[in-house]
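Engineer: Input file: input-v5.cif. Contents: mmCIF, C-alpha atoms.
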data_run
loop_
_atom_site.group_PDB
_atom_site.id
_atom_site.type_symbol
_atom_site.label_atom_id
_atom_site.label_comp_id
_atom_site.auth_asym_id
_atom_site.auth_seq_id
_atom_site.Cartn_x
_atom_site.Cartn_y
_atom_site.Cartn_z
ATOM 1 C CA MET M 1 25.014 3.193 50.027
ATOM 2 C CA LYS M 2 27.184 3.866 53.071
ATOM 3 C CA ILE M 3 26.491 7.025 55.074
ATOM 4 C CA VAL M 4 28.719 8.180 57.890
ATOM 5 C CA VAL M 5 27.219 10.555 60.437
ATOM 6 C CA ALA M 6 29.793 12.754 62.149
ATOM 7 C CA SER M 7 28.316 12.046 65.576
ATOM 8 C CA GLN M 8 27.311 9.213 67.865
ATOM 9 C CA ASN M 9 24.386 11.230 69.233
ATOM 10 C CA PRO M 10 21.272 9.020 68.887
ATOM 11 C CA VAL M 11 19.053 11.967 67.870
ATOM 12 C CA LYS M 12 21.355 12.845 64.975
ATOM 13 C CA LEU M 13 21.813 9.216 63.928
ATOM 14 C CA ASP M 14 18.059 8.614 63.986
ATOM 15 C CA ALA M 15 17.442 11.781 61.961
ATOM 16 C CA VAL M 16 19.714 10.480 59.201
ATOM 17 C CA LYS M 17 18.389 6.901 59.381
ATOM 18 C CA ASN M 18 14.774 8.083 59.205
ATOM 19 C CA ALA M 19 15.526 10.502 56.372
ATOM 20 C CA ILE M 20 17.219 7.872 54.201
ATOM 21 C CA GLN M 21 14.931 4.945 55.113
ATOM 22 C CA LYS M 22 12.088 5.784 52.727
ATOM 23 C CA TYR M 23 14.413 6.287 49.777
ATOM 24 C CA ASP M 24 17.092 3.653 50.220
ATOM 25 C CA PRO M 25 16.236 1.247 53.063
ATOM 26 C CA SER M 26 19.335 -0.824 52.342
ATOM 27 C CA SER M 27 21.676 2.059 53.217
ATOM 28 C CA GLU M 28 24.166 1.519 55.991
ATOM 29 C CA VAL M 29 24.295 4.407 58.467
ATOM 30 C CA ILE M 30 27.074 4.542 61.023
ATOM 31 C CA GLY M 31 28.134 7.201 63.507
ATOM 32 C CA VAL M 32 31.656 8.274 64.354
ATOM 33 C CA LYS M 33 32.864 10.725 66.957
ATOM 34 C CA ALA M 34 34.151 13.688 64.955
ATOM 35 C CA ALA M 35 35.562 16.970 66.200
ATOM 36 C CA SER M 36 33.876 20.263 65.354
ATOM 37 C CA GLY M 37 36.799 22.529 66.165
ATOM 38 C CA VAL M 38 34.391 25.191 67.455
ATOM 39 C CA ALA M 39 32.974 26.171 70.845
ATOM 40 C CA GLU M 40 30.583 23.881 72.725
ATOM 41 C CA GLN M 41 27.923 26.501 71.898
ATOM 42 C CA PRO M 42 28.604 27.671 68.343
ATOM 43 C CA PHE M 43 27.519 31.191 67.468
ATOM 44 C CA ASP M 44 26.599 32.481 64.001
ATOM 45 C CA ASP M 45 29.139 31.350 61.349
ATOM 46 C CA GLU M 46 30.815 28.949 63.783
ATOM 47 C CA THR M 47 27.785 26.689 63.355
ATOM 48 C CA ALA M 48 28.331 25.918 59.666
ATOM 49 C CA GLN M 49 32.101 25.768 60.217
ATOM 50 C CA GLY M 50 31.614 23.218 63.002
ATOM 51 C CA ALA M 51 29.396 21.055 60.779
ATOM 52 C CA ARG M 52 31.886 21.291 57.899
ATOM 53 C CA ASN M 53 34.786 20.384 60.223
ATOM 54 C CA ARG M 54 32.874 17.393 61.603
ATOM 55 C CA ALA M 55 32.060 16.046 58.122
ATOM 56 C CA ARG M 56 35.650 16.376 56.971
ATOM 57 C CA HIS M 57 36.944 14.768 60.171
ATOM 58 C CA ALA M 58 34.461 11.895 59.739
ATOM 59 C CA ARG M 59 35.860 11.309 56.240
ATOM 60 C CA GLN M 60 39.360 11.018 57.740
ATOM 61 C CA ILE M 61 38.152 8.630 60.440
ATOM 62 C CA SER M 62 36.040 6.456 58.156
ATOM 63 C CA PRO M 63 37.164 6.772 54.537
ATOM 64 C CA GLY M 64 35.287 5.135 51.680
ATOM 65 C CA ALA M 65 31.705 6.152 52.456
ATOM 66 C CA ASP M 66 29.356 7.524 49.823
ATOM 67 C CA ILE M 67 28.077 10.362 52.015
ATOM 68 C CA TYR M 68 29.225 12.105 55.189
ATOM 69 C CA ILE M 69 26.641 14.085 57.139
ATOM 70 C CA ALA M 70 27.340 16.432 60.035
ATOM 71 C CA ILE M 71 24.772 18.273 62.130
ATOM 72 C CA GLU M 72 25.716 21.230 64.309
ATOM 73 C CA ASN M 73 23.249 23.349 66.255
ATOM 74 C CA GLY M 74 24.139 26.943 66.951
ATOM 75 C CA ILE M 75 22.828 30.303 68.052
ATOM 76 C CA PHE M 76 22.235 33.017 65.468
ATOM 77 C CA ASN M 77 21.744 36.683 66.309
ATOM 78 C CA GLN M 78 19.174 37.985 63.816
ATOM 79 C CA ASP M 79 17.266 41.239 64.227
ATOM 80 C CA ASP M 80 18.172 41.394 67.933
ATOM 81 C CA LYS M 81 16.727 37.917 68.501
ATOM 82 C CA PHE M 82 18.638 34.783 69.361
ATOM 83 C CA LEU M 83 17.649 31.834 67.202
ATOM 84 C CA ASP M 84 18.747 28.226 67.597
ATOM 85 C CA LYS M 85 18.999 26.251 64.370
ATOM 86 C CA ALA M 86 20.978 23.378 62.958
ATOM 87 C CA ALA M 87 23.427 23.414 60.094
ATOM 88 C CA VAL M 88 23.355 20.129 58.170
ATOM 89 C CA PHE M 89 26.504 19.720 56.113
ATOM 90 C CA THR M 90 26.595 16.949 53.519
ATOM 91 C CA LEU M 91 29.910 15.885 51.997
ATOM 92 C CA MET M 92 29.777 13.519 49.039
ATOM 93 C CA ALA M 93 32.467 10.997 48.104
ATOM 94 C CA ASP M 94 33.345 13.126 45.046
ATOM 95 C CA GLY M 95 34.014 16.142 47.301
ATOM 96 C CA SER M 96 30.757 17.989 46.578
ATOM 97 C CA GLU M 97 29.498 19.907 49.601
ATOM 98 C CA TYR M 98 25.960 20.959 50.547
ATOM 99 C CA LEU M 99 24.689 23.021 53.463
ATOM 100 C CA LYS M 100 21.115 23.345 54.722
ATOM 101 C CA TYR M 101 19.722 25.033 57.826
ATOM 102 C CA SER M 102 16.814 23.830 59.920
ATOM 103 C CA ARG M 103 13.887 25.915 60.993
ATOM 104 C CA SER M 104 14.777 27.967 64.016
ATOM 105 C CA VAL M 105 13.399 28.433 67.484
ATOM 106 C CA GLU M 106 13.797 31.692 69.371
ATOM 107 C CA LEU M 107 15.709 31.481 72.635
ATOM 108 C CA PRO M 108 15.062 33.867 75.521
ATOM 109 C CA LYS M 109 17.812 36.480 75.596
ATOM 110 C CA GLN M 110 18.570 36.121 79.327
ATOM 111 C CA TYR M 111 19.620 32.475 78.882
ATOM 112 C CA VAL M 112 21.834 33.254 75.908
ATOM 113 C CA GLU M 113 23.524 36.028 77.890
ATOM 114 C CA GLU M 114 23.994 33.722 80.903
ATOM 115 C CA ALA M 115 25.582 31.022 78.699
ATOM 116 C CA ARG M 116 27.837 33.659 77.135
ATOM 117 C CA ALA M 117 28.857 34.872 80.633
ATOM 118 C CA ARG M 118 29.722 31.302 81.675
ATOM 119 C CA GLY M 119 31.607 30.836 78.408
ATOM 120 C CA PHE M 120 30.354 29.342 75.159
ATOM 121 C CA ASP M 121 33.457 27.145 75.077
ATOM 122 C CA THR M 122 31.980 24.985 77.835
ATOM 123 C CA THR M 123 28.343 26.009 78.289
ATOM 124 C CA THR M 124 25.314 25.664 76.023
ATOM 125 C CA VAL M 125 22.165 27.760 76.198
ATOM 126 C CA GLY M 126 20.159 24.539 76.545
ATOM 127 C CA LYS M 127 22.092 23.609 79.676
ATOM 128 C CA VAL M 128 21.497 27.054 81.214
ATOM 129 C CA MET M 129 17.789 26.768 80.404
ATOM 130 C CA GLN M 130 17.553 23.311 81.944
ATOM 131 C CA ASP M 131 19.369 24.492 85.076
ATOM 132 C CA ALA M 132 16.808 27.320 85.368
ATOM 133 C CA GLY M 133 13.871 24.936 84.829
ATOM 134 C CA ALA M 134 12.850 26.582 81.551
ATOM 135 C CA VAL M 135 13.194 23.339 79.558
ATOM 136 C CA THR M 136 13.143 19.685 80.525
ATOM 137 C CA ASN M 137 16.002 18.472 78.309
ATOM 138 C CA HIS M 138 19.046 20.626 77.573
ATOM 139 C CA ALA M 139 19.700 18.694 74.354
ATOM 140 C CA ASP M 140 16.193 19.424 73.055
ATOM 141 C CA PRO M 141 14.957 22.863 74.141
ATOM 142 C CA HIS M 142 12.902 22.895 70.920
ATOM 143 C CA ALA M 143 10.397 20.524 72.494
ATOM 144 C CA ASP M 144 9.516 23.150 75.121
ATOM 145 C CA LEU M 145 9.799 26.375 73.097
ATOM 146 C CA GLY M 146 8.022 28.008 70.176
ATOM 147 C CA GLU M 147 5.977 25.510 68.213
ATOM 148 C CA LYS M 148 7.234 22.755 70.537
ATOM 149 C CA ILE M 149 8.611 20.693 67.666
ATOM 150 C CA PRO M 150 11.096 18.073 68.885
ATOM 151 C CA ARG M 151 14.649 18.496 67.657
ATOM 152 C CA ALA M 152 14.586 15.049 66.065
ATOM 153 C CA ARG M 153 11.851 16.075 63.639
ATOM 154 C CA LEU M 154 13.514 19.353 62.765
ATOM 155 C CA LEU M 155 16.747 17.511 62.041
ATOM 156 C CA GLN M 156 15.100 14.751 60.026
ATOM 157 C CA HIS M 157 13.386 17.221 57.707
ATOM 158 C CA THR M 158 16.588 19.194 57.240
ATOM 159 C CA VAL M 159 18.588 16.037 56.499
ATOM 160 C CA GLU M 160 15.919 15.055 53.947
ATOM 161 C CA ALA M 161 16.259 18.444 52.271
ATOM 162 C CA SER M 162 20.050 18.133 52.257
ATOM 163 C CA LEU M 163 19.941 14.635 50.743
ATOM 164 C CA GLN M 164 17.430 15.824 48.181
ATOM 165 C CA GLN M 165 19.821 18.559 47.136
ATOM 166 C CA ALA M 166 22.895 16.302 47.156
ATOM 167 C CA LEU M 167 21.307 13.334 45.391
ATOM 168 C CA GLY M 168 18.852 15.174 43.168
ATOM 169 C CA TRP M 169 15.816 13.473 44.646
ATOM 170 C CA THR M 170 12.578 14.891 43.314
ATOM 171 C CA HIS M 171 10.131 12.696 45.193
ATOM 172 C CA GLU M 172 7.367 14.242 47.321
ATOM 173 C CA ILE M 173 10.085 15.143 49.800
ATOM 174 C CA THR M 174 10.221 18.513 48.016
ATOM 175 C CA GLU M 175 6.936 19.665 49.498
ATOM 176 C CA ARG M 176 7.731 18.402 52.982
ATOM 177 C CA ALA M 177 11.137 20.046 53.020
ATOM 178 C CA ALA M 178 9.748 23.361 51.817
ATOM 179 C CA LYS M 179 6.656 23.297 54.024
ATOM 180 C CA PRO M 180 7.198 20.777 56.821
ATOM 181 C CA ARG M 181 4.082 19.360 58.428
ATOM 182 C CA TYR M 182 5.443 18.373 61.815
ATOM 183 C CA MET M 183 2.337 17.544 63.725
ATOM 184 C CA GLY M 184 0.826 14.278 62.604
ATOM 185 C CA TYR M 185 3.664 13.689 60.136
ATOM 186 C CA ASP M 186 5.552 10.388 60.125
#
Show how you would write the structure in this file as structure tokens.

Structural biologist:
Amino acid sequence: MKIVVASQNPVKLDAVKNAIQKYDPSSEVIGVKAASGVAEQPFDDETAQGARNRARHARQISPGADIYIAIENGIFNQDDKFLDKAAVFTLMADGSEYLKYSRSVELPKQYVEEARARGFDTTTVGKVMQDAGAVTNHADPHADLGEKIPRARLLQHTVEASLQQALGWTHEITERAAKPRYMGYD
């Protein structure tokens, strides 16, 4: 099976490779640079749209794969809280589309507002937080916030859930996707 990831980001590629490894170790996973067509810091519905755009662009760049997977993190305003979560969009060769969201981590409001003031087109909340010393890695604020679960694990579990839905897998992945056990898992 050939899987194209709509990114060359090592965290996203590893999430897909690790998710597929236990079910089809012979799968080929490649990354391509695909455009999201949304702001650098997607907000609300832009997140899923960015993931969908990336998957479709990846299919144009690298036709003939069995599965295209795109991962886009974004900020969601829910109940006056700002939550960061990933949209994982899976596009099958037959055109079927699947969307799953990762667990979220709450972001401090002042950093979201600062990123908005600088402009979401060019500035992410993670970058603002790193500049302020609130997190150590702008690409993975999850590791320093909330339950301190690294982004890679959140993404891997969400990709597993997406593949389960797309491919109809019923293996024990069902329990892990529904109730992830991050600490000590893997």

Engineer: Hey, what comes out of the PyMOL selection byres ((chain M and resi 126-129) around 8) on this file? Could you write it as an MDAnalysis selection string?

Structural biologist: chainID M and resid 111 114:115 123:125 130:135 137:141

Engineer: Identify which of the residues M:His157, M:Gly31, M:Pro25, M:Lys148 lies closest to Leu13 (chain M), counting only C-alpha atoms when measuring atom-to-atom distances.

Structural biologist: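 When distances to Leu13 (chain M) are compared using only C-alpha atoms, the smallest one comes from M:Gly31.
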
Engineer: I need the residue nearest Glu97 (chain M) from this list: M:Gly74, M:Ala48, M:Ala166, M:Asp144. Use only C-alpha atoms for the distance.

Structural biologist: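 Answer, going by the shortest atom-to-atom distance: M:Ala166.
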
Engineer: Between CA of Phe43 (chain M) and CA of Asn73 (chain M), what is the distance in Å, rounded to a tenth?

Structural biologist: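 Going from CA of Phe43 (chain M) over to CA of Asn73 (chain M), I get 9.0 Å.
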
Engineer: For CA of Lys33 (chain M) and CA of Ala58 (chain M), determine how far apart the two atoms are, in Å to one decimal place.

Structural biologist: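 Straight-line distance from CA of Lys33 (chain M) to CA of Ala58 (chain M) works out to 7.5 Å.
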
Engineer: Save all heavy atoms of region 139-152 of chain M from the block above as a PDB file, in the first residue's frame.

Structural biologist:
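To be explicit, this is the file written out as out_6.pdb:
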ATOM      1  N   ALA M 139       6.730  24.262  17.621  1.00  0.00           N
ATOM      2  CA  ALA M 139       6.019  23.256  16.830  1.00  0.00           C
ATOM      3  C   ALA M 139       5.348  22.199  17.706  1.00  0.00           C
ATOM      4  O   ALA M 139       4.560  21.398  17.209  1.00  0.00           O
ATOM      5  CB  ALA M 139       6.983  22.580  15.862  1.00  0.00           C
ATOM      6  N   ASP M 140       5.646  22.209  19.000  1.00  0.00           N
ATOM      7  CA  ASP M 140       5.053  21.214  19.898  1.00  0.00           C
ATOM      8  C   ASP M 140       4.730  21.819  21.265  1.00  0.00           C
ATOM      9  O   ASP M 140       5.272  21.406  22.285  1.00  0.00           O
ATOM     10  CB  ASP M 140       5.998  20.019  20.062  1.00  0.00           C
ATOM     11  CG  ASP M 140       5.339  18.843  20.769  1.00  0.00           C
ATOM     12  OD1 ASP M 140       4.127  18.908  21.061  1.00  0.00           O
ATOM     13  OD2 ASP M 140       6.041  17.862  21.037  1.00  0.00           O
ATOM     14  N   PRO M 141       3.830  22.807  21.308  1.00  0.00           N
ATOM     15  CA  PRO M 141       3.464  23.376  22.607  1.00  0.00           C
ATOM     16  C   PRO M 141       2.758  22.360  23.496  1.00  0.00           C
ATOM     17  O   PRO M 141       2.730  22.500  24.707  1.00  0.00           O
ATOM     18  CB  PRO M 141       2.549  24.547  22.241  1.00  0.00           C
ATOM     19  CG  PRO M 141       2.022  24.241  20.884  1.00  0.00           C
ATOM     20  CD  PRO M 141       3.111  23.446  20.208  1.00  0.00           C
ATOM     21  N   HIS M 142       2.220  21.301  22.882  1.00  0.00           N
ATOM     22  CA  HIS M 142       1.511  20.258  23.637  1.00  0.00           C
ATOM     23  C   HIS M 142       2.398  19.621  24.704  1.00  0.00           C
ATOM     24  O   HIS M 142       1.920  19.208  25.752  1.00  0.00           O
ATOM     25  CB  HIS M 142       1.020  19.156  22.685  1.00  0.00           C
ATOM     26  CG  HIS M 142       0.238  19.686  21.536  1.00  0.00           C
ATOM     27  ND1 HIS M 142       0.851  20.141  20.390  1.00  0.00           N
ATOM     28  CD2 HIS M 142      -1.083  19.858  21.358  1.00  0.00           C
ATOM     29  CE1 HIS M 142      -0.079  20.557  19.555  1.00  0.00           C
ATOM     30  NE2 HIS M 142      -1.254  20.402  20.112  1.00  0.00           N
ATOM     31  N   ALA M 143       3.683  19.531  24.403  1.00  0.00           N
ATOM     32  CA  ALA M 143       4.611  18.873  25.325  1.00  0.00           C
ATOM     33  C   ALA M 143       4.786  19.658  26.626  1.00  0.00           C
ATOM     34  O   ALA M 143       5.216  19.097  27.629  1.00  0.00           O
ATOM     35  CB  ALA M 143       5.968  18.667  24.654  1.00  0.00           C
ATOM     36  N   ASP M 144       4.439  20.946  26.608  1.00  0.00           N
ATOM     37  CA  ASP M 144       4.612  21.791  27.786  1.00  0.00           C
ATOM     38  C   ASP M 144       3.294  22.224  28.426  1.00  0.00           C
ATOM     39  O   ASP M 144       3.296  22.876  29.467  1.00  0.00           O
ATOM     40  CB  ASP M 144       5.401  23.055  27.412  1.00  0.00           C
ATOM     41  CG  ASP M 144       6.808  22.748  26.977  1.00  0.00           C
ATOM     42  OD1 ASP M 144       7.480  21.952  27.652  1.00  0.00           O
ATOM     43  OD2 ASP M 144       7.249  23.301  25.944  1.00  0.00           O
ATOM     44  N   LEU M 145       2.175  21.900  27.805  1.00  0.00           N
ATOM     45  CA  LEU M 145       0.871  22.363  28.289  1.00  0.00           C
ATOM     46  C   LEU M 145      -0.041  21.192  28.654  1.00  0.00           C
ATOM     47  O   LEU M 145       0.138  20.084  28.167  1.00  0.00           O
ATOM     48  CB  LEU M 145       0.181  23.201  27.212  1.00  0.00           C
ATOM     49  CG  LEU M 145       0.911  24.446  26.744  1.00  0.00           C
ATOM     50  CD1 LEU M 145       0.193  25.055  25.550  1.00  0.00           C
ATOM     51  CD2 LEU M 145       1.015  25.452  27.865  1.00  0.00           C
ATOM     52  N   GLY M 146      -1.038  21.479  29.447  1.00  0.00           N
ATOM     53  CA  GLY M 146      -2.070  20.489  29.772  1.00  0.00           C
ATOM     54  C   GLY M 146      -1.487  19.216  30.332  1.00  0.00           C
ATOM     55  O   GLY M 146      -0.738  19.224  31.302  1.00  0.00           O
ATOM     56  N   GLU M 147      -1.816  18.115  29.685  1.00  0.00           N
ATOM     57  CA  GLU M 147      -1.342  16.799  30.120  1.00  0.00           C
ATOM     58  C   GLU M 147       0.094  16.529  29.690  1.00  0.00           C
ATOM     59  O   GLU M 147       0.638  15.464  29.953  1.00  0.00           O
ATOM     60  CB  GLU M 147      -2.260  15.704  29.571  1.00  0.00           C
ATOM     61  CG  GLU M 147      -3.680  15.791  30.079  1.00  0.00           C
ATOM     62  CD  GLU M 147      -4.561  14.726  29.453  1.00  0.00           C
ATOM     63  OE1 GLU M 147      -4.179  13.535  29.489  1.00  0.00           O
ATOM     64  OE2 GLU M 147      -5.615  15.092  28.919  1.00  0.00           O
ATOM     65  N   LYS M 148       0.683  17.477  28.994  1.00  0.00           N
ATOM     66  CA  LYS M 148       2.070  17.388  28.511  1.00  0.00           C
ATOM     67  C   LYS M 148       2.292  16.157  27.626  1.00  0.00           C
ATOM     68  O   LYS M 148       3.269  15.441  27.755  1.00  0.00           O
ATOM     69  CB  LYS M 148       3.054  17.439  29.676  1.00  0.00           C
ATOM     70  CG  LYS M 148       2.931  18.727  30.442  1.00  0.00           C
ATOM     71  CD  LYS M 148       3.948  18.851  31.537  1.00  0.00           C
ATOM     72  CE  LYS M 148       3.690  20.189  32.225  1.00  0.00           C
ATOM     73  NZ  LYS M 148       4.642  20.567  33.157  1.00  0.00           N
ATOM     74  N   ILE M 149       1.357  15.952  26.725  1.00  0.00           N
ATOM     75  CA  ILE M 149       1.433  14.845  25.768  1.00  0.00           C
ATOM     76  C   ILE M 149       2.070  15.375  24.494  1.00  0.00           C
ATOM     77  O   ILE M 149       1.560  16.317  23.886  1.00  0.00           O
ATOM     78  CB  ILE M 149       0.031  14.283  25.463  1.00  0.00           C
ATOM     79  CG1 ILE M 149      -0.624  13.790  26.742  1.00  0.00           C
ATOM     80  CG2 ILE M 149       0.121  13.176  24.417  1.00  0.00           C
ATOM     81  CD1 ILE M 149      -2.095  13.504  26.604  1.00  0.00           C
ATOM     82  N   PRO M 150       3.185  14.815  24.065  1.00  0.00           N
ATOM     83  CA  PRO M 150       3.839  15.296  22.848  1.00  0.00           C
ATOM     84  C   PRO M 150       2.915  15.221  21.629  1.00  0.00           C
ATOM     85  O   PRO M 150       2.113  14.298  21.481  1.00  0.00           O
ATOM     86  CB  PRO M 150       5.034  14.362  22.682  1.00  0.00           C
ATOM     87  CG  PRO M 150       5.260  13.777  24.030  1.00  0.00           C
ATOM     88  CD  PRO M 150       3.906  13.715  24.683  1.00  0.00           C
ATOM     89  N   ARG M 151       3.058  16.188  20.769  1.00  0.00           N
ATOM     90  CA  ARG M 151       2.248  16.275  19.558  1.00  0.00           C
ATOM     91  C   ARG M 151       2.327  14.989  18.735  1.00  0.00           C
ATOM     92  O   ARG M 151       1.332  14.538  18.168  1.00  0.00           O
ATOM     93  CB  ARG M 151       2.723  17.466  18.734  1.00  0.00           C
ATOM     94  CG  ARG M 151       1.937  17.704  17.489  1.00  0.00           C
ATOM     95  CD  ARG M 151       2.394  18.993  16.828  1.00  0.00           C
ATOM     96  NE  ARG M 151       1.595  19.263  15.662  1.00  0.00           N
ATOM     97  CZ  ARG M 151       2.091  19.637  14.498  1.00  0.00           C
ATOM     98  NH1 ARG M 151       3.398  19.813  14.361  1.00  0.00           N
ATOM     99  NH2 ARG M 151       1.311  19.866  13.473  1.00  0.00           N
ATOM    100  N   ALA M 152       3.489  14.392  18.670  1.00  0.00           N
ATOM    101  CA  ALA M 152       3.663  13.180  17.871  1.00  0.00           C
ATOM    102  C   ALA M 152       2.710  12.073  18.312  1.00  0.00           C
ATOM    103  O   ALA M 152       2.127  11.375  17.479  1.00  0.00           O
ATOM    104  CB  ALA M 152       5.102  12.685  17.959  1.00  0.00           C
TER     105      ALA M 152
END
